[in-house]
>>> print(open('query-v2.txt').read())   # compact mmCIF, C-alpha atoms
# COMPACT_ATOMS: atom_id res chain seq x y z
CA MET A 81 -12.61 -10.01 -1.36
CA VAL A 82 -15.16 -7.18 -0.98
CA CYS A 83 -13.70 -3.71 -1.57
CA GLU A 84 -14.75 -0.40 0.02
CA SER A 85 -16.74 0.56 -3.06
CA GLY A 86 -18.91 -2.55 -2.66
CA SER A 87 -17.31 -4.24 -5.66
CA VAL A 88 -15.47 -7.54 -5.42
CA ARG A 89 -11.85 -8.40 -6.29
CA PHE A 90 -11.40 -11.63 -8.23
CA ASP A 91 -8.25 -13.69 -8.81
CA VAL A 92 -7.98 -14.36 -12.53
CA GLN A 93 -5.89 -16.80 -14.53
CA VAL A 94 -5.82 -16.55 -18.31
CA GLU A 95 -4.18 -19.44 -20.13
CA VAL A 96 -3.23 -18.44 -23.67
CA ARG A 97 -2.70 -21.44 -25.95
CA LEU A 98 -1.76 -21.73 -29.60
CA ARG A 99 -4.69 -23.09 -31.61
CA GLU A 100 -4.49 -26.67 -32.86
CA GLY A 101 -2.55 -26.84 -36.11
CA VAL A 102 -0.47 -23.74 -35.39
CA ALA A 103 3.23 -24.64 -35.34
CA ASP A 104 4.90 -24.46 -31.92
CA PRO A 105 8.69 -24.45 -32.41
CA GLN A 106 9.32 -23.88 -28.69
CA GLY A 107 7.28 -26.99 -27.81
CA GLN A 108 9.00 -29.01 -30.54
CA THR A 109 12.43 -28.03 -29.24
CA ILE A 110 11.51 -29.14 -25.71
CA GLU A 111 10.10 -32.43 -27.05
CA ARG A 112 13.25 -33.18 -29.06
CA SER A 113 15.51 -32.35 -26.11
CA LEU A 114 13.84 -34.46 -23.43
CA PRO A 115 15.01 -37.94 -24.60
CA HIS A 116 18.63 -36.72 -24.52
CA LEU A 117 18.13 -35.87 -20.85
CA GLY A 118 16.71 -39.30 -20.10
CA PHE A 119 12.99 -38.41 -20.10
CA LYS A 120 11.04 -40.97 -22.12
CA GLY A 121 7.39 -41.12 -23.14
CA VAL A 122 6.71 -37.39 -23.43
CA GLU A 123 4.60 -36.32 -26.44
CA GLY A 124 2.65 -33.36 -27.77
CA VAL A 125 4.51 -30.57 -25.97
CA ARG A 126 2.80 -27.18 -26.43
CA VAL A 127 3.98 -23.98 -24.78
CA GLY A 128 1.51 -21.22 -23.92
CA LYS A 129 1.28 -18.28 -21.55
CA SER A 130 -0.27 -18.11 -18.12
CA ILE A 131 -1.30 -14.58 -17.15
CA ARG A 132 -2.45 -13.98 -13.57
CA PHE A 133 -3.92 -10.80 -12.07
CA THR A 134 -6.73 -9.48 -9.91
CA VAL A 135 -9.71 -7.53 -11.22
CA GLU A 136 -12.26 -5.44 -9.34
CA ALA A 137 -15.86 -5.68 -10.56
CA PRO A 138 -19.43 -5.49 -9.20
CA ASP A 139 -19.96 -9.24 -9.62
CA GLU A 140 -18.51 -12.36 -11.25
CA ALA A 141 -20.44 -11.91 -14.52
CA ALA A 142 -19.07 -8.37 -14.93
CA ALA A 143 -15.52 -9.53 -14.12
CA ARG A 144 -15.76 -12.37 -16.65
CA ALA A 145 -17.10 -10.03 -19.34
CA GLU A 146 -14.24 -7.57 -18.76
CA VAL A 147 -11.61 -10.34 -18.85
CA ASP A 148 -13.12 -11.90 -22.01
CA ASP A 149 -12.96 -8.47 -23.67
CA MET A 150 -9.34 -8.01 -22.54
CA CYS A 151 -8.47 -11.41 -24.03
CA ALA A 152 -10.09 -10.65 -27.37
CA ARG A 153 -8.61 -7.14 -27.71
CA PHE A 154 -5.24 -7.30 -26.01
CA LEU A 155 -4.01 -10.48 -24.32
CA THR A 156 -4.32 -12.89 -27.26
CA ASN A 157 -3.96 -12.92 -30.99
CA PRO A 158 -7.33 -14.52 -31.86
CA VAL A 159 -6.05 -15.63 -35.26
CA ILE A 160 -3.58 -18.12 -33.76
CA GLU A 161 -4.40 -18.26 -30.04
CA ASP A 162 -7.20 -19.40 -27.72
CA ALA A 163 -7.75 -18.18 -24.15
CA GLU A 164 -9.12 -20.10 -21.18
CA VAL A 165 -10.25 -17.86 -18.31
CA THR A 166 -10.48 -19.06 -14.69
CA LEU A 167 -11.95 -16.75 -12.03
CA ARG A 168 -11.82 -17.30 -8.27
CA MET B 70 -5.47 -43.84 -21.36
CA VAL B 71 -3.92 -47.31 -20.96
CA CYS B 72 -1.17 -48.07 -23.52
CA GLU B 73 -0.22 -51.42 -25.04
CA SER B 74 2.75 -51.77 -22.70
CA GLY B 75 0.39 -51.63 -19.70
CA SER B 76 1.55 -48.14 -18.76
CA VAL B 77 -0.80 -45.16 -18.61
CA ARG B 78 -0.70 -41.88 -20.55
CA PHE B 79 -1.35 -38.78 -18.45
CA ASP B 80 -2.27 -35.25 -19.57
CA VAL B 81 0.10 -32.86 -17.84
CA GLN B 82 0.01 -29.11 -17.35
CA VAL B 83 3.04 -27.33 -15.89
CA GLU B 84 2.52 -23.70 -14.92
CA VAL B 85 5.85 -21.91 -14.60
CA ARG B 86 5.61 -18.73 -12.55
CA LEU B 87 8.18 -16.15 -11.54
CA ARG B 88 8.79 -16.29 -7.79
CA GLU B 89 7.40 -13.50 -5.64
CA GLY B 90 9.72 -10.52 -5.61
CA VAL B 91 11.23 -11.29 -9.02
CA ALA B 92 10.63 -8.37 -11.40
CA ASP B 93 8.16 -9.08 -14.23
CA PRO B 94 8.56 -6.36 -16.89
CA GLN B 95 6.13 -8.10 -19.25
CA GLY B 96 3.41 -8.10 -16.57
CA GLN B 97 4.17 -4.47 -15.67
CA THR B 98 3.84 -3.42 -19.31
CA ILE B 99 0.44 -5.13 -19.58
CA GLU B 100 -0.71 -3.51 -16.32
CA ARG B 101 0.33 -0.03 -17.44
CA SER B 102 -1.36 -0.46 -20.84
CA LEU B 103 -4.77 -1.69 -19.69
CA PRO B 104 -6.16 1.64 -18.36
CA HIS B 105 -5.41 3.28 -21.73
CA LEU B 106 -7.64 0.65 -23.36
CA GLY B 107 -10.46 1.31 -20.91
CA PHE B 108 -9.89 -1.62 -18.54
CA LYS B 109 -10.04 -0.46 -14.92
CA GLY B 110 -9.39 -2.26 -11.66
CA VAL B 111 -6.72 -4.69 -12.87
CA GLU B 112 -3.76 -5.18 -10.51
CA GLY B 113 -0.81 -7.50 -9.93
CA VAL B 114 -0.33 -8.76 -13.49
CA ARG B 115 2.23 -11.60 -13.67
CA VAL B 116 3.09 -13.47 -16.85
CA GLY B 117 4.24 -17.08 -16.71
CA LYS B 118 4.38 -20.09 -19.00
CA SER B 119 1.89 -22.90 -19.40
CA ILE B 120 3.47 -26.07 -20.78
CA ARG B 121 1.15 -28.93 -21.76
CA PHE B 122 2.10 -32.45 -22.86
CA THR B 123 1.33 -36.11 -22.31
CA VAL B 124 3.60 -38.53 -20.48
CA GLU B 125 3.54 -42.34 -20.38
CA ALA B 126 4.29 -43.94 -17.02
CA PRO B 127 3.38 -47.06 -15.01
CA ASP B 128 1.24 -45.06 -12.57
CA GLU B 129 0.44 -41.53 -11.42
CA ALA B 130 3.18 -41.43 -8.78
CA ALA B 131 5.83 -42.36 -11.38
CA ALA B 132 4.46 -39.78 -13.83
CA ARG B 133 4.51 -37.06 -11.18
CA ALA B 134 8.07 -37.95 -10.15
CA GLU B 135 9.25 -37.76 -13.77
CA VAL B 136 7.51 -34.41 -14.36
CA ASP B 137 8.87 -32.95 -11.09
CA ASP B 138 12.37 -33.98 -12.18
CA MET B 139 11.82 -32.44 -15.64
CA CYS B 140 10.72 -29.19 -13.97
CA ALA B 141 13.74 -29.04 -11.69
CA ARG B 142 16.30 -29.91 -14.38
CA PHE B 143 14.92 -28.45 -17.59
CA LEU B 144 11.56 -26.65 -17.66
CA THR B 145 12.19 -24.04 -14.98
CA ASN B 146 14.99 -21.94 -13.63
CA PRO B 147 14.58 -22.80 -9.92
CA VAL B 148 16.43 -19.65 -8.86
CA ILE B 149 13.68 -17.36 -10.14
CA GLU B 150 10.78 -19.64 -11.07
CA ASP B 151 8.26 -21.97 -9.39
CA ALA B 152 6.36 -24.78 -11.12
CA GLU B 153 2.86 -26.05 -10.41
CA VAL B 154 2.16 -29.49 -11.89
CA THR B 155 -1.36 -30.74 -12.70
CA LEU B 156 -1.85 -34.35 -13.87
CA ARG B 157 -5.05 -35.81 -15.33
>>> encode(input="query-v2.txt", output="structure tokens")
Amino acid sequence: MVCESGSVRFDVQVEVRLREGVADPQGQTIERSLPHLGFKGVEGVRVGKSIRFTVEAPDEAAARAEVDDMCARFLTNPVIEDAEVTLR
Amino acid sequence: MVCESGSVRFDVQVEVRLREGVADPQGQTIERSLPHLGFKGVEGVRVGKSIRFTVEAPDEAAARAEVDDMCARFLTNPVIEDAEVTLR
């Protein structure tokens, strides 16, 4: 979407995931509960966050740079979490 | 991945989102904070969950049916949340 200022509005999804090896008690609880509800064959449950928003920027490269910076400084804890950014 | 039993293991992502109109205080807090950190032009922040796991099933249709049932009965609160299922 092109805005009045000439910049573009992008739809952003940031998926925040715990890094491999970091314990995920929420995922483990789900995995242990599923067989009792009759769901078989489920393994490796990991629970992360999905953050959606729109961002206004001159172009896609600028939008991606701003979102990457937001992830590193605010939306994730880089010690234990990874972020995957999708722009549309 | 084909398993010994002849069934297939699928990678699943379930994105759980609050329905439109449901208040999202976590998203609002992020949105209010971003300008103070120098991030402009961000709007409509919504925070959901991203649940990843693998499921073993005879085929993709069976896997999708099982995951849809899991979403309705266990992974989401259908009154306030929507789920989007991606299988690979």
>>> closest_residue(input="query-v2.txt", among="A:Asp91, A:Glu136, A:Glu100, A:Glu111", to="chain B", atoms="all atoms listed in the file")
A:Glu136
>>> residues_around(input="query-v2.txt", residues="A:Phe133", least_positions_apart="3", cutoff="8 Å", atoms="only C-alpha atoms", output="PDB file with C-alpha atoms, in the coordinates of the input")
ATOM      1  CA  ASP A  91      -8.250 -13.690  -8.810  1.00  0.00           C
ATOM      2  CA  VAL A  92      -7.980 -14.360 -12.530  1.00  0.00           C
ATOM      3  CA  GLN A  93      -5.890 -16.800 -14.530  1.00  0.00           C
TER       4      GLN A  93
ATOM      5  CA  VAL B 111      -6.720  -4.690 -12.870  1.00  0.00           C
ATOM      6  CA  GLU B 112      -3.760  -5.180 -10.510  1.00  0.00           C
ATOM      7  CA  GLY B 113      -0.810  -7.500  -9.930  1.00  0.00           C
ATOM      8  CA  VAL B 114      -0.330  -8.760 -13.490  1.00  0.00           C
ATOM      9  CA  ARG B 115       2.230 -11.600 -13.670  1.00  0.00           C
TER      10      ARG B 115
END
>>> interface_residues(input="query-v2.txt", of="chain A", to="chain B", cutoff="9 Å", atoms="all atoms listed in the file", output="PyMOL selection string")
chain A and resi 89+95-97+107+110+114+117+119-137+146-147+150+153-155
>>> calpha_fit_and_write(input="query-v2.txt", fixed="chain A", moving="chain B", output="compact mmCIF listing (two decimals) with C-alpha atoms, in the frame of the given file")
# COMPACT_ATOMS: atom_id res chain seq x y z
CA MET B 70 -12.55 -10.01 -1.38
CA VAL B 71 -15.12 -7.21 -1.01
CA CYS B 72 -13.67 -3.71 -1.60
CA GLU B 73 -14.72 -0.42 -0.01
CA SER B 74 -16.71 0.57 -3.09
CA GLY B 75 -18.89 -2.53 -2.67
CA SER B 76 -17.31 -4.23 -5.68
CA VAL B 77 -15.47 -7.55 -5.44
CA ARG B 78 -11.86 -8.40 -6.29
CA PHE B 79 -11.41 -11.63 -8.24
CA ASP B 80 -8.26 -13.70 -8.81
CA VAL B 81 -7.99 -14.37 -12.52
CA GLN B 82 -5.90 -16.81 -14.52
CA VAL B 83 -5.83 -16.56 -18.31
CA GLU B 84 -4.18 -19.45 -20.13
CA VAL B 85 -3.24 -18.45 -23.67
CA ARG B 86 -2.70 -21.44 -25.94
CA LEU B 87 -1.77 -21.72 -29.59
CA ARG B 88 -4.69 -23.09 -31.60
CA GLU B 89 -4.49 -26.66 -32.86
CA GLY B 90 -2.55 -26.86 -36.09
CA VAL B 91 -0.47 -23.74 -35.38
CA ALA B 92 3.24 -24.63 -35.34
CA ASP B 93 4.90 -24.45 -31.90
CA PRO B 94 8.69 -24.43 -32.40
CA GLN B 95 9.33 -23.86 -28.69
CA GLY B 96 7.30 -26.97 -27.79
CA GLN B 97 9.00 -28.99 -30.55
CA THR B 98 12.43 -28.01 -29.24
CA ILE B 99 11.51 -29.13 -25.72
CA GLU B 100 10.10 -32.42 -27.06
CA ARG B 101 13.23 -33.17 -29.08
CA SER B 102 15.51 -32.36 -26.12
CA LEU B 103 13.83 -34.46 -23.43
CA PRO B 104 15.00 -37.93 -24.60
CA HIS B 105 18.63 -36.71 -24.52
CA LEU B 106 18.12 -35.87 -20.84
CA GLY B 107 16.70 -39.30 -20.09
CA PHE B 108 12.99 -38.42 -20.10
CA LYS B 109 11.02 -40.97 -22.12
CA GLY B 110 7.38 -41.12 -23.13
CA VAL B 111 6.71 -37.39 -23.43
CA GLU B 112 4.61 -36.33 -26.44
CA GLY B 113 2.66 -33.36 -27.77
CA VAL B 114 4.53 -30.56 -25.97
CA ARG B 115 2.81 -27.17 -26.43
CA VAL B 116 3.99 -23.97 -24.78
CA GLY B 117 1.52 -21.22 -23.93
CA LYS B 118 1.27 -18.28 -21.56
CA SER B 119 -0.27 -18.11 -18.12
CA ILE B 120 -1.31 -14.59 -17.15
CA ARG B 121 -2.45 -13.99 -13.56
CA PHE B 122 -3.92 -10.81 -12.07
CA THR B 123 -6.74 -9.50 -9.92
CA VAL B 124 -9.70 -7.53 -11.22
CA GLU B 125 -12.27 -5.44 -9.34
CA ALA B 126 -15.86 -5.69 -10.57
CA PRO B 127 -19.42 -5.50 -9.21
CA ASP B 128 -19.96 -9.25 -9.63
CA GLU B 129 -18.52 -12.36 -11.27
CA ALA B 130 -20.44 -11.92 -14.53
CA ALA B 131 -19.08 -8.37 -14.95
CA ALA B 132 -15.54 -9.53 -14.13
CA ARG B 133 -15.76 -12.36 -16.65
CA ALA B 134 -17.11 -10.02 -19.35
CA GLU B 135 -14.25 -7.57 -18.77
CA VAL B 136 -11.61 -10.34 -18.85
CA ASP B 137 -13.12 -11.89 -22.01
CA ASP B 138 -12.96 -8.47 -23.67
CA MET B 139 -9.34 -8.01 -22.53
CA CYS B 140 -8.47 -11.41 -24.02
CA ALA B 141 -10.09 -10.64 -27.36
CA ARG B 142 -8.62 -7.13 -27.70
CA PHE B 143 -5.24 -7.29 -25.99
CA LEU B 144 -4.02 -10.49 -24.32
CA THR B 145 -4.33 -12.89 -27.24
CA ASN B 146 -3.96 -12.92 -30.97
CA PRO B 147 -7.33 -14.53 -31.84
CA VAL B 148 -6.06 -15.63 -35.25
CA ILE B 149 -3.60 -18.12 -33.75
CA GLU B 150 -4.40 -18.26 -30.03
CA ASP B 151 -7.20 -19.41 -27.71
CA ALA B 152 -7.75 -18.19 -24.14
CA GLU B 153 -9.13 -20.11 -21.17
CA VAL B 154 -10.27 -17.88 -18.31
CA THR B 155 -10.48 -19.07 -14.69
CA LEU B 156 -11.97 -16.75 -12.03
CA ARG B 157 -11.83 -17.30 -8.26
>>> atom_distance(input="query-v2.txt", atom1="atom CA of B:Ala130", atom2="atom CA of A:His116")
22.6 Å
>>> closest_residue(input="query-v2.txt", among="B:Val77, B:Arg88, B:Ala131, B:Asp93", to="B:Ala152", atoms="all atoms listed in the file")
B:Arg88
>>> axis_aligned_box(input="query-v2.txt", around="stretch 112-125 of chain B", padding_each_side="6 Å", output="lines of an AutoDock Vina configuration file")
center_x = 0.3
center_y = -23.8
center_z = -16.4
size_x = 20.1
size_y = 49.2
size_z = 24.9
>>> atom_distance(input="query-v2.txt", atom1="atom CA of B:Leu87", atom2="atom CA of A:Pro158")
25.6 Å
>>> atom_distance(input="query-v2.txt", atom1="atom CA of A:Ile160", atom2="atom CA of A:Val102")
6.6 Å
